[in-house]
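Shown here: protein_38.txt, compact mmCIF, C-alpha atoms.
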```
# COMPACT_ATOMS: atom_id res chain seq x y z
CA MET A 1392 -4.06 23.56 18.69
CA SER A 1393 -1.02 25.00 16.98
CA ARG A 1394 -0.49 26.54 13.63
CA SER A 1395 2.64 27.38 11.73
CA PRO A 1396 3.14 28.22 8.07
CA ASP A 1397 5.57 25.32 7.70
CA SER A 1398 3.52 22.50 9.18
CA GLY A 1399 -0.15 23.45 8.94
CA SER A 1400 -2.87 23.43 11.59
CA CYS A 1401 -3.60 20.60 14.03
CA GLY A 1402 -7.00 20.12 12.39
CA GLY A 1403 -5.45 19.78 8.93
CA VAL A 1404 -2.76 17.40 10.17
CA GLN A 1405 -5.20 15.25 12.08
CA ARG A 1406 -7.44 15.03 9.04
CA ASP A 1407 -4.50 13.65 7.08
CA LEU A 1408 -3.09 11.23 9.64
CA GLU A 1409 -4.59 8.05 8.14
CA ARG A 1410 -3.41 8.99 4.67
CA TYR A 1411 -0.02 9.85 6.14
CA LEU A 1412 0.21 6.39 7.72
CA ASP A 1413 -0.70 4.78 4.40
CA GLY A 1414 1.90 6.84 2.53
CA ALA A 1415 -0.85 8.36 0.42
CA LEU A 1416 0.24 12.00 0.83
CA SER A 1417 2.44 13.94 -1.53
CA THR A 1418 6.09 14.34 -0.58
CA ALA A 1419 5.60 17.98 0.31
CA ARG A 1420 2.57 17.28 2.46
CA THR A 1421 4.32 14.36 4.17
CA HIS A 1422 7.16 16.68 5.09
CA GLN A 1423 4.71 19.25 6.48
CA VAL A 1424 2.94 16.64 8.60
CA GLU A 1425 6.20 15.26 9.96
CA THR A 1426 7.40 18.72 10.87
CA HIS A 1427 4.13 19.36 12.67
CA LEU A 1428 4.25 16.06 14.52
CA SER A 1429 7.77 16.75 15.75
CA ARG A 1430 6.48 19.91 17.44
CA CYS A 1431 2.95 18.94 18.55
CA PRO A 1432 2.54 16.22 21.21
CA ALA A 1433 -1.27 16.22 20.87
CA CYS A 1434 -1.14 15.43 17.16
CA LEU A 1435 1.65 12.94 17.76
CA ALA A 1436 -0.61 11.12 20.24
CA GLN A 1437 -3.37 11.10 17.66
CA MET A 1438 -0.98 9.66 15.11
CA HIS A 1439 -0.04 6.90 17.56
CA LEU A 1440 -3.70 6.21 18.23
CA ALA A 1441 -4.42 6.05 14.51
CA ARG A 1442 -1.61 3.55 14.08
CA GLU A 1443 -2.78 1.47 17.03
CA ILE A 1444 -6.31 1.34 15.63
CA GLN A 1445 -5.03 0.27 12.25
CA ASN A 1446 -2.85 -2.44 13.81
CA GLU A 1447 -5.71 -3.62 15.99
CA LEU A 1448 -8.14 -3.86 13.09
CA ARG A 1449 -5.65 -5.88 11.09
CA ALA A 1450 -5.04 -8.17 14.05
CA LEU A 1451 -8.72 -8.97 14.55
CA PRO A 1452 -9.15 -12.65 13.72
CA GLU A 1453 -11.61 -14.03 11.23
CA VAL A 1454 -14.02 -16.38 12.95
CA ASP A 1455 -15.34 -19.78 11.88
CA THR A 1456 -19.08 -20.39 11.70
CA PRO A 1457 -20.16 -22.80 14.46
CA ALA A 1458 -20.29 -26.37 13.16
CA ALA A 1459 -23.95 -26.72 14.14
CA THR A 1460 -24.87 -23.83 11.83
CA ILE A 1461 -23.02 -25.39 8.91
CA HIS A 1462 -24.73 -28.70 9.66
CA SER A 1463 -28.10 -26.96 9.70
CA ILE A 1464 -27.39 -25.35 6.31
CA PHE A 1465 -26.59 -28.72 4.78
CA GLU A 1466 -29.69 -30.24 6.35
CA GLN A 1467 -31.87 -27.58 4.77
CA THR A 1468 -30.27 -27.79 1.34
CA VAL A 1469 -28.24 -30.70 0.00
CA ARG A 1470 -29.50 -33.37 2.40
CA ARG A 1471 -33.12 -32.35 2.13
CA GLU A 1472 -32.92 -32.54 -1.64
CA THR A 1473 -31.34 -35.98 -1.46
CA ALA A 1474 -34.13 -37.15 0.85
CA ASN A 1475 -36.77 -35.62 -1.42
CA ARG A 1476 -35.27 -37.34 -4.43
CA ARG A 1477 -35.47 -40.68 -2.64
CA THR A 1478 -39.12 -40.08 -1.75
CA THR A 1479 -39.99 -39.02 -5.28
CA LYS A 1480 -38.24 -42.06 -6.70
CA ALA A 1481 -40.12 -44.38 -4.41
CA SER A 1482 -43.48 -42.78 -5.18
CA SER A 1483 -42.80 -42.81 -8.91
CA HIS A 1484 -42.61 -46.62 -8.90
CA TRP A 1485 -46.27 -47.17 -8.03
CA TRP A 1486 -47.35 -47.33 -11.66
CA ARG A 1487 -44.94 -50.05 -12.63
CA PRO A 1488 -46.87 -53.04 -11.17
CA ALA A 1489 -50.07 -51.51 -12.56
CA TRP A 1490 -48.66 -51.40 -16.09
CA ILE A 1491 -47.34 -54.93 -15.81
CA ALA A 1492 -50.71 -56.20 -14.52
CA LEU A 1493 -52.52 -54.40 -17.33
CA ALA A 1494 -50.17 -55.78 -19.95
CA THR A 1495 -50.53 -59.29 -18.52
CA ALA A 1496 -54.33 -59.05 -18.49
CA ALA A 1497 -54.42 -57.80 -22.07
CA LEU A 1498 -52.10 -60.58 -23.17
CA ALA A 1499 -54.27 -63.19 -21.46
CA LEU A 1500 -57.33 -61.75 -23.21
CA VAL A 1501 -55.69 -61.99 -26.60
CA VAL A 1502 -54.51 -65.55 -26.04
CA GLY A 1503 -57.94 -66.56 -24.77
CA LEU A 1504 -59.73 -65.05 -27.76
CA SER A 1505 -57.32 -66.70 -30.11
CA LEU A 1506 -57.83 -70.14 -28.56
CA TRP A 1507 -61.58 -69.61 -28.49
CA THR A 1508 -61.83 -68.69 -32.18
CA ARG A 1509 -59.66 -71.68 -33.21
CA SER A 1510 -61.65 -74.21 -31.18
CA GLU A 1511 -65.05 -73.11 -32.53
CA PRO A 1512 -66.48 -74.77 -35.70
CA PRO A 1513 -66.69 -72.62 -38.80
CA ALA A 1514 -68.97 -69.73 -37.93
CA PRO A 1515 -72.31 -69.54 -39.69
CA ALA A 1516 -72.86 -66.48 -41.79
CA ALA A 1517 -74.93 -64.90 -39.04
CA GLU A 1518 -71.95 -64.98 -36.66
CA ALA A 1519 -69.41 -63.61 -39.14
CA GLU A 1520 -69.97 -60.09 -37.92
CA ALA A 1521 -69.32 -61.10 -34.30
CA VAL A 1522 -66.09 -62.85 -35.27
CA ALA A 1523 -64.91 -59.80 -37.17
CA GLN A 1524 -65.63 -57.64 -34.15
CA ALA A 1525 -63.77 -60.03 -31.84
CA THR A 1526 -60.78 -60.00 -34.19
CA ALA A 1527 -60.74 -56.20 -34.21
CA GLU A 1528 -60.90 -56.15 -30.43
CA ALA A 1529 -58.04 -58.64 -30.25
CA ARG A 1530 -55.95 -56.48 -32.56
CA PHE A 1531 -56.71 -53.43 -30.43
CA ALA A 1532 -55.74 -55.32 -27.28
CA LEU A 1533 -52.46 -56.39 -28.88
CA GLU A 1534 -51.69 -52.79 -29.80
CA GLN A 1535 -52.37 -51.73 -26.21
CA VAL A 1536 -50.05 -54.42 -24.90
CA GLY A 1537 -47.32 -53.24 -27.25
CA LEU A 1538 -47.88 -49.63 -26.23
CA ALA A 1539 -47.84 -50.45 -22.54
CA THR A 1540 -44.67 -52.50 -22.84
CA HIS A 1541 -42.97 -49.73 -24.79
CA LYS A 1542 -43.95 -47.11 -22.22
CA ALA A 1543 -42.74 -49.24 -19.34
CA ALA A 1544 -39.45 -49.89 -21.09
CA MET A 1545 -38.90 -46.19 -21.83
CA ALA A 1546 -39.71 -45.19 -18.27
CA LEU A 1547 -37.38 -47.82 -16.90
CA GLU A 1548 -34.59 -46.71 -19.19
CA ASN A 1549 -35.03 -43.03 -18.32
CA GLU A 1550 -35.03 -43.79 -14.65
CA ALA A 1551 -31.92 -45.89 -14.90
CA LEU A 1552 -30.13 -43.10 -16.78
CA ARG A 1553 -31.28 -40.43 -14.33
CA ASP A 1554 -30.19 -42.38 -11.26
CA GLY A 1555 -26.84 -43.20 -12.75
CA ILE A 1556 -27.46 -46.93 -12.74
CA ILE A 1557 -26.28 -46.82 -16.32
CA THR A 1558 -24.49 -44.00 -18.06
CA PRO A 1559 -24.17 -43.29 -21.73
CA THR A 1560 -20.51 -43.57 -22.72
CA GLN A 1561 -18.36 -42.89 -25.75
CA ARG A 1562 -17.94 -46.62 -26.18
CA GLY A 1563 -21.39 -47.36 -27.47
CA LEU A 1564 -23.19 -48.63 -24.42
CA SER A 1565 -26.09 -50.80 -25.40
CA ARG A 1566 -29.12 -51.19 -23.24
CA VAL A 1567 -31.35 -54.17 -23.74
CA ILE A 1568 -34.74 -54.45 -22.20
CA THR A 1569 -36.08 -57.96 -22.12
CA HIS A 1570 -39.43 -59.18 -21.11
CA ASP A 1571 -39.69 -62.42 -19.20
CA PRO A 1572 -41.81 -64.86 -21.25
CA ALA A 1573 -43.61 -65.78 -18.05
CA GLY A 1574 -44.91 -62.25 -18.04
CA SER A 1575 -43.85 -61.60 -14.48
CA SER A 1576 -41.03 -59.12 -14.88
CA THR A 1577 -39.22 -56.74 -17.13
CA THR A 1578 -35.47 -56.56 -16.78
CA LEU A 1579 -32.80 -54.20 -17.96
CA ARG A 1580 -29.48 -55.51 -19.13
CA GLU A 1581 -26.56 -53.43 -20.15
CA GLY A 1582 -23.41 -54.17 -22.02
CA VAL A 1583 -20.63 -52.38 -23.80
CA ASP A 1584 -20.26 -52.65 -27.51
CA HIS A 1585 -16.61 -52.51 -28.37
CA VAL A 1586 -16.29 -50.20 -31.34
CA MET B 77 -16.05 -27.78 -10.24
CA PRO B 78 -16.69 -27.49 -6.49
CA GLY B 79 -20.06 -28.55 -5.18
CA PHE B 80 -22.33 -26.58 -2.87
CA GLU B 81 -20.88 -28.08 0.29
CA ASP B 82 -17.31 -27.27 -0.81
CA VAL B 83 -18.28 -23.67 -1.51
CA VAL B 84 -19.95 -23.31 1.89
CA ARG B 85 -16.90 -24.69 3.65
CA GLU B 86 -14.57 -22.46 1.66
CA HIS B 87 -16.42 -19.20 2.31
CA GLN B 88 -18.18 -19.70 5.64
CA ARG B 89 -15.42 -17.93 7.59
CA LYS B 90 -15.53 -14.77 5.45
CA VAL B 91 -19.33 -14.60 5.63
CA PHE B 92 -19.55 -15.27 9.36
CA SER B 93 -16.70 -12.90 10.25
CA PHE B 94 -18.21 -10.07 8.26
CA ALA B 95 -21.59 -10.50 9.94
CA HIS B 96 -19.98 -10.95 13.36
CA TYR B 97 -17.99 -7.71 13.21
CA PHE B 98 -20.74 -5.79 11.44
CA LEU B 99 -23.51 -6.71 13.88
CA GLY B 100 -21.46 -7.36 17.00
CA SER B 101 -23.50 -10.46 17.74
CA SER B 102 -22.58 -14.07 17.08
CA GLU B 103 -26.21 -15.22 17.27
CA GLU B 104 -27.33 -12.78 14.62
CA ALA B 105 -24.26 -13.59 12.56
CA GLU B 106 -25.28 -17.26 12.58
CA ASP B 107 -28.74 -16.32 11.32
CA VAL B 108 -27.18 -14.23 8.58
CA VAL B 109 -24.89 -17.08 7.53
CA GLN B 110 -27.90 -19.40 7.21
CA GLU B 111 -29.85 -16.83 5.25
CA VAL B 112 -26.94 -16.15 2.89
CA PHE B 113 -26.15 -19.78 2.13
CA LEU B 114 -29.81 -20.65 1.64
CA LYS B 115 -29.94 -17.87 -0.94
CA LEU B 116 -26.84 -19.32 -2.53
CA TRP B 117 -28.58 -22.70 -2.72
CA GLN B 118 -31.66 -21.15 -4.32
CA ASN B 119 -29.51 -19.39 -6.92
CA TRP B 120 -26.93 -22.13 -7.28
CA GLN B 121 -27.54 -22.78 -10.98
CA ALA B 122 -27.45 -19.11 -11.96
CA ILE B 123 -24.34 -17.98 -10.09
CA ASP B 124 -21.05 -17.51 -11.87
CA ARG B 125 -18.68 -19.82 -9.96
CA ASP B 126 -15.79 -17.37 -10.47
CA ARG B 127 -17.71 -14.65 -8.65
CA VAL B 128 -19.05 -16.60 -5.71
CA ARG B 129 -17.10 -14.70 -3.05
CA PRO B 130 -18.15 -11.16 -4.08
CA TRP B 131 -21.71 -12.44 -4.52
CA LEU B 132 -21.72 -13.94 -1.04
CA LEU B 133 -20.26 -10.84 0.59
CA THR B 134 -22.70 -8.54 -1.21
CA VAL B 135 -25.62 -10.65 0.02
CA THR B 136 -24.08 -10.82 3.50
CA ARG B 137 -23.64 -7.08 3.67
CA ASN B 138 -27.22 -6.49 2.51
CA ALA B 139 -28.57 -8.97 5.06
CA CYS B 140 -26.58 -7.31 7.86
CA TYR B 141 -27.68 -3.88 6.75
CA ASP B 142 -31.33 -4.98 6.77
CA ARG B 143 -30.94 -6.29 10.31
CA LEU B 144 -29.30 -3.08 11.38
CA ARG B 145 -32.14 -1.05 9.94
CA GLN B 146 -34.57 -3.21 11.86
CA ARG B 147 -32.91 -2.44 15.15
CA GLN B 148 -31.81 1.13 14.60
CA SER B 149 -33.32 4.14 12.97
CA ALA B 150 -32.24 4.54 9.37
CA SER B 151 -30.87 8.02 9.99
CA ARG B 152 -28.27 6.61 12.38
CA VAL B 153 -27.04 4.15 9.80
CA LEU B 154 -27.02 6.17 6.62
CA ALA B 155 -23.73 7.65 5.54
CA SER B 156 -23.05 11.11 6.81
CA ASP B 157 -20.05 13.36 6.83
CA SER B 158 -20.90 14.67 10.25
CA ALA B 159 -18.66 13.59 13.09
CA PRO B 160 -19.97 10.49 14.85
CA ASP B 161 -20.83 10.39 18.54
CA VAL B 162 -17.92 9.69 20.79
CA VAL B 163 -17.83 6.24 22.39
CA GLU B 164 -18.47 6.33 26.14
CA SER B 165 -16.46 9.48 26.72
CA SER B 166 -14.47 9.01 29.87
CA PRO B 167 -13.45 11.89 32.16
CA THR B 168 -10.08 10.31 32.86
CA PRO B 169 -8.51 8.79 29.79
CA GLU B 170 -7.21 5.27 30.27
CA PRO B 171 -3.56 4.52 29.84
CA GLY B 172 -2.25 3.15 26.57
CA PRO B 173 -2.93 -0.45 25.60
CA ASP B 174 0.39 -1.78 26.72
CA SER B 175 -0.58 -4.63 29.01
CA GLN B 176 -2.54 -7.77 28.23
CA ALA B 177 -5.73 -6.59 29.91
CA GLN B 178 -5.43 -3.13 28.43
CA ARG B 179 -4.86 -4.66 25.03
CA ALA B 180 -8.04 -6.72 25.42
CA ASP B 181 -9.95 -3.58 26.47
CA PHE B 182 -8.57 -1.69 23.52
CA ARG B 183 -9.66 -4.44 21.17
CA ARG B 184 -13.14 -4.43 22.66
CA HIS B 185 -13.40 -0.67 22.34
CA VAL B 186 -12.21 -0.77 18.73
CA THR B 187 -14.82 -3.38 17.79
CA GLU B 188 -17.53 -1.45 19.65
CA ALA B 189 -16.53 1.74 17.86
CA LEU B 190 -16.55 -0.14 14.56
CA GLN B 191 -20.18 -1.05 15.19
CA GLN B 192 -21.00 2.60 15.68
CA LEU B 193 -19.67 3.64 12.29
CA ALA B 194 -22.15 4.59 9.64
CA GLU B 195 -22.38 2.73 6.37
CA PRO B 196 -20.54 2.20 4.11
CA TYR B 197 -17.54 2.96 6.35
CA ARG B 198 -18.25 0.00 8.58
CA SER B 199 -18.39 -2.47 5.69
CA ILE B 200 -15.34 -0.98 4.04
CA LEU B 201 -13.19 -1.21 7.16
CA ILE B 202 -14.25 -4.80 7.81
CA LEU B 203 -13.59 -5.85 4.24
CA ARG B 204 -10.28 -4.02 3.96
CA GLU B 205 -8.68 -4.08 7.38
CA ILE B 206 -10.04 -7.29 8.89
CA GLN B 207 -10.71 -9.41 5.83
CA ASP B 208 -7.80 -8.06 3.79
CA LEU B 209 -9.71 -7.76 0.53
CA ARG B 210 -8.35 -5.72 -2.35
CA TYR B 211 -9.82 -2.33 -3.22
CA ARG B 212 -11.11 -3.73 -6.52
CA GLU B 213 -13.11 -6.48 -4.83
CA ILE B 214 -14.49 -4.08 -2.21
CA SER B 215 -15.55 -1.75 -5.00
CA ASP B 216 -17.31 -4.69 -6.65
CA ILE B 217 -19.02 -5.89 -3.46
CA LEU B 218 -20.28 -2.47 -2.41
CA ASP B 219 -20.88 -1.19 -5.93
CA LEU B 220 -18.76 1.89 -5.32
CA PRO B 221 -16.13 3.51 -7.55
CA LEU B 222 -12.58 2.49 -6.75
CA ASN B 223 -11.49 6.00 -5.74
CA THR B 224 -14.48 6.33 -3.45
CA VAL B 225 -13.42 3.15 -1.69
CA ARG B 226 -9.92 4.57 -1.12
CA VAL B 227 -11.32 7.81 0.28
CA TYR B 228 -13.85 6.03 2.49
CA ILE B 229 -11.21 3.75 4.01
CA HIS B 230 -9.26 6.74 5.32
CA ARG B 231 -12.42 8.53 6.36
CA GLY B 232 -13.71 5.45 8.17
CA ARG B 233 -10.46 5.03 10.09
CA ARG B 234 -10.48 8.71 10.98
CA GLN B 235 -14.02 8.43 12.31
CA LEU B 236 -12.99 5.41 14.32
CA ARG B 237 -10.13 7.42 15.83
CA GLU B 238 -12.49 10.29 16.63
CA LEU B 239 -14.80 7.83 18.39
CA LEU B 240 -11.93 6.55 20.51
CA ALA B 241 -10.06 9.81 21.00
CA GLY B 242 -11.81 10.76 24.26
CA ARG B 243 -10.86 7.45 25.82
CA TYR B 244 -7.35 7.18 24.43
CA ASP B 245 -6.22 10.79 24.29
CA HIS B 246 -2.88 10.06 25.85
CA VAL B 247 -2.09 6.78 24.18
CA SER B 248 1.63 6.12 24.15
CA ILE B 249 3.25 3.34 22.25
CA ALA B 250 6.70 2.08 23.00
```

Written as structure tokens, how would this file's structure read?
Amino acid sequence: MSRSPDSGSCGGVQRDLERYLDGALSTARTHQVETHLSRCPACLAQMHLAREIQNELRALPEVDTPAATIHSIFEQTVRRETANRRTTKASSHWWRPAWIALATAALALVVGLSLWTRSEPPAPAAEAEAVAQATAEARFALEQVGLATHKAAMALENEALRDGIITPTQRGLSRVITHDPAGSSTTLREGVDHV
Amino acid sequence: MPGFEDVVREHQRKVFSFAHYFLGSSEEAEDVVQEVFLKLWQNWQAIDRDRVRPWLLTVTRNACYDRLRQRQSASRVLASDSAPDVVESSPTPEPGPDSQAQRADFRRHVTEALQQLAEPYRSILILREIQDLRYREISDILDLPLNTVRVYIHRGRRQLRELLAGRYDHVSIA
């Protein structure tokens, strides 16, 4: 250890070496440190070591994540969600045949009742109440068919929008849901209204 | 706007490198990378896309720090002004790192010494010297005042030198 009034102690100089290397000392202090270093081999060696460490740190390379780890991350996130979405979509379709079957059955009931009431001779007064009840039931069945068809159409439309099968555009996209008169299927047609 | 996969590809190197140099273990660094990006996925909707990198590095640093606390006693890790233990003090100092093999040894000793530094010096040196981040971003990541970051960078490098001084007392550079 050395000490002189001009250059300061070894301890003080060595404490300041990193700041000296970064040019973060005042001009006066920089001069003091340089004077000390020119006379003190031990502190000069420390200054060289400090510079070597700094250079070495800056030369350390950044390292890529192994490809298998990246793959695993995607498997657990994006790809899993995509797979889940497919599963959910498939399981959400179970109700569609059920609604169509229900609507078909209700329609058949209404048509049957209608044919039955037309083919019967004028009802005696005693049967008037039964006819009125049958008519009310037929009306109710018709309402249910309408409701079921509407629900199925809305669900189909929402699903098509969500999956990107159709997209709403600025051009006035029109979506038409038609029901096959045979009662076997409901289809979605799309077209662009030129406005 | 970049998707999740783009963001992972863009930042994976910074995250992995930080964990690798902080923990000194590639296997643990891989675990940290998975943990960090799964957290990103869970918070994907809420994260400000302009601040993804500082967010990722904050989470990475916290994950590394948690792992360190699991394998070391907290007192060893917590910041302290006391001088750190000297790395493998050698009775006969090795010559300066002027050959290829000596350079490789020096690099290994520097990275080992880095992993002996207390926090936040370790994080600061990795972020500044290896990853070349600006003081402002380091201050943001570590939630430290800007001036504190400046002071800690010099202090961290000094501690690193003190750790290596016994081994490289007579280092000479051409």

How close does each residue of chain B get to chain A, giving the shortest atom pair and distance in Å to one decimal for every residue with an atom at most 8 Å away, counting only C-alpha atoms, sorted by chain and residue number, as a tab-separated table?
```
residue	atom	partner	partner_atom	distance
B:Phe80	CA	A:Val1469	CA	7.8
B:Glu81	CA	A:Phe1465	CA	7.3
B:Val84	CA	A:Ile1461	CA	7.9
B:Gln88	CA	A:Thr1456	CA	6.2
B:Arg89	CA	A:Asp1455	CA	4.7
B:Lys90	CA	A:Glu1453	CA	7.0
B:Phe92	CA	A:Thr1456	CA	5.6
B:Ser93	CA	A:Val1454	CA	5.2
B:Glu106	CA	A:Thr1460	CA	6.6
B:Val109	CA	A:Thr1456	CA	7.9
B:Gln110	CA	A:Ile1464	CA	6.0
B:Phe113	CA	A:Ile1464	CA	7.1
B:Leu114	CA	A:Ile1464	CA	7.1
B:Trp117	CA	A:Thr1468	CA	6.7
B:Arg183	CA	A:Glu1447	CA	6.6
B:Val186	CA	A:Ile1444	CA	7.0
B:Glu205	CA	A:Arg1449	CA	5.1
B:Ile206	CA	A:Arg1449	CA	5.1
B:Gln207	CA	A:Glu1453	CA	7.2
B:Asp208	CA	A:Arg1449	CA	7.9
B:His230	CA	A:Glu1409	CA	5.6
B:Arg233	CA	A:Glu1409	CA	6.9
B:Arg234	CA	A:Glu1409	CA	6.6
B:Leu236	CA	A:Ile1444	CA	7.9
B:Arg237	CA	A:Ala1441	CA	6.0
B:Ala241	CA	A:Gln1437	CA	7.6
B:Tyr244	CA	A:Leu1440	CA	7.3
B:Asp245	CA	A:Ala1436	CA	6.9
B:His246	CA	A:Ala1436	CA	6.1
B:Val247	CA	A:Ala1436	CA	6.0
B:Ser248	CA	A:Ala1436	CA	6.7
B:Ile249	CA	A:His1439	CA	6.7
```

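Atom CA of B:Ile200 sits 10.4 Å away from atom CA of B:Leu220.
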
What's the separation between atom CA of B:Glu188 and atom CA of B:Arg231, in Å to one decimal place? 17.4 Å

Around (-20.0, -5.4, 0.8) in the file's own coordinates, what residues are found within 6 Å if you use only C-alpha atoms, given back as number ranges by chain? B: 133-134, 137, 199, 217-218

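Put simply, atom CA of B:Glu195 is 17.2 Å away from atom CA of B:Glu213.
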
Do you know which residues are at most 10 Å from B:Leu99 counting all atoms listed in the file, after dropping those on the same chain fewer than 5 positions away, and could you put them as number ranges by chain? B: 93-94, 104-105, 108, 140-141, 143-144, 188, 190-192

Emit as JSON the padded axis-aligned box for all listed atoms of stretch 1525-1534 of chain A, 5 Å per side, with centre and edge lengths in Å to one decimal.
```
{"center_x": -57.7, "center_y": -56.4, "center_z": -30.7, "size_x": 22.1, "size_y": 17.2, "size_z": 16.9}
```

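Distance check against B:Arg129 using all atoms listed in the file: of B:Arg226, B:Arg145, B:His96, B:His87, the minimum falls on B:His87.
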
Might you pull out every residue within 10 Å of stretch 1423-1426 of chain A, with all atoms listed in the file counted and same-chain residues fewer than 2 positions away left off, and present them as a CSV table (one decimal) with C-alpha atoms, keeping the file's coordinate frame?
```
chain,number,residue,atom,x,y,z
A,1395,SER,CA,2.6,27.4,11.7
A,1396,PRO,CA,3.1,28.2,8.1
A,1397,ASP,CA,5.6,25.3,7.7
A,1398,SER,CA,3.5,22.5,9.2
A,1399,GLY,CA,-0.2,23.4,8.9
A,1400,SER,CA,-2.9,23.4,11.6
A,1401,CYS,CA,-3.6,20.6,14.0
A,1403,GLY,CA,-5.4,19.8,8.9
A,1404,VAL,CA,-2.8,17.4,10.2
A,1405,GLN,CA,-5.2,15.2,12.1
A,1407,ASP,CA,-4.5,13.6,7.1
A,1408,LEU,CA,-3.1,11.2,9.6
A,1411,TYR,CA,0.0,9.8,6.1
A,1416,LEU,CA,0.2,12.0,0.8
A,1417,SER,CA,2.4,13.9,-1.5
A,1418,THR,CA,6.1,14.3,-0.6
A,1419,ALA,CA,5.6,18.0,0.3
A,1420,ARG,CA,2.6,17.3,2.5
A,1421,THR,CA,4.3,14.4,4.2
A,1428,LEU,CA,4.2,16.1,14.5
A,1429,SER,CA,7.8,16.8,15.8
A,1430,ARG,CA,6.5,19.9,17.4
A,1431,CYS,CA,3.0,18.9,18.6
A,1434,CYS,CA,-1.1,15.4,17.2
A,1435,LEU,CA,1.6,12.9,17.8
```

Which polymer residues have any atom within 10 Å of an atom of stretch 1527-1532 of chain A, counting all atoms listed in the file, with same-chain residues fewer than 5 positions away left out, as a count of residues only? 15
